[in-house]
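J.: Before we start, here is the structure in question, set down as structure tokens.
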Amino acid sequence: MRRSVALTAIATIGLTGSVFASQIAPENVTFVDDIEVPISLTGQAGDAAKGREWYAGRKLGNCLACHATTDLNELPFHGEVGPAMDGVADRYEEAQLRAILVNSKKVFGDQTIMPGFYVVNPGARTAGDFQGQTIMSAQQIEDVIAYLKTLTE
Ligand code: HEC
């Protein structure tokens, strides 16, 4: 019941075109000391279940391709290029996770092979490669953060 009320509200706001009013555009994300983004990109809580999907999805986050994750043991092909994500919620605050996801290069330096998921990529190789777009939407970033916060040890 509550859910359908909320969905109606979203649909109504959507018609007026202001549903993204509180969303922070990629170029306006404010970093603190290059390692924290304290403010939600959408002003809305992330959905951990959806975040788990984006995280594992080969076309979107593809996080699993580089980060082994025990919570996703039902899926094959966990990469080991980056650190395992088990217990990541114990190692990082939410604001730090948001900074890493938005623009990993600010946090880890330009050499990191981890993509920045909420930066507009002018250097994309082809138009199909997210040229002029971010890999994830603001809400998808918040959803993945919510999922990462479940990965405690
Ligand atoms: C192409 C490989 C690659 C992909 C894809 C990738 N990462 Fe990473 N990630 C890395 C590497 C490598 C590091 C370690 C930092 C460094 O040295 O560059 C890292 C570091 C991290 C860290 C810090 C971990 C720690 O323990 O210090 C987090 C959190 C993280 N990644 C989350 C994600 C999430 C969530 C996704 C998907 C949305 C993702 N990564 C996608 C390669 C990747």
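Please note that chains go A, B, ... in the order of the structure tokens, that every chain numbers its residues from 1, and that ligands are numbered from 1 in the order shown.
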For Glu142 of chain A, find every residue with an atom within 8 Å (counting only C-alpha atoms), except residues of its own chain fewer than 5 positions away, and show them as a PyMOL selection string.
T.: chain A and resi 40-42+44-47+51+98
J.: I'd like the neighbourhood of Pro83 of chain A as a list of chain:residue names, where a residue qualifies if any of its atoms comes within 12 Å (using only C-alpha atoms), though same-chain residues fewer than 2 positions away should be ignored.
T.: A:Cys63, A:Leu64, A:Ala65, A:Cys66, A:His67, A:Ala68, A:Thr69, A:His78, A:Gly79, A:Glu80, A:Val81, A:Met85, A:Asp86, A:Gly87, A:Val88, A:Arg91, A:Met114
J.: Calculated over only C-alpha atoms, which of the candidates A:Pro26, A:Phe31, A:Ile113, A:Thr152 has the smallest distance to Tyr92 of chain A?
T.: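 Ranking A:Pro26, A:Phe31, A:Ile113, A:Thr152 by distance to Tyr92 of chain A, first place goes to A:Thr152.
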J.: Near Val37 of chain A, counting only C-alpha atoms, which residues have an atom at most 9 Å away, once you skip same-chain residues fewer than 3 positions from it, shown as a PyMOL selection string?
T.: chain A and resi 29-32+34+40-41+94-100+102
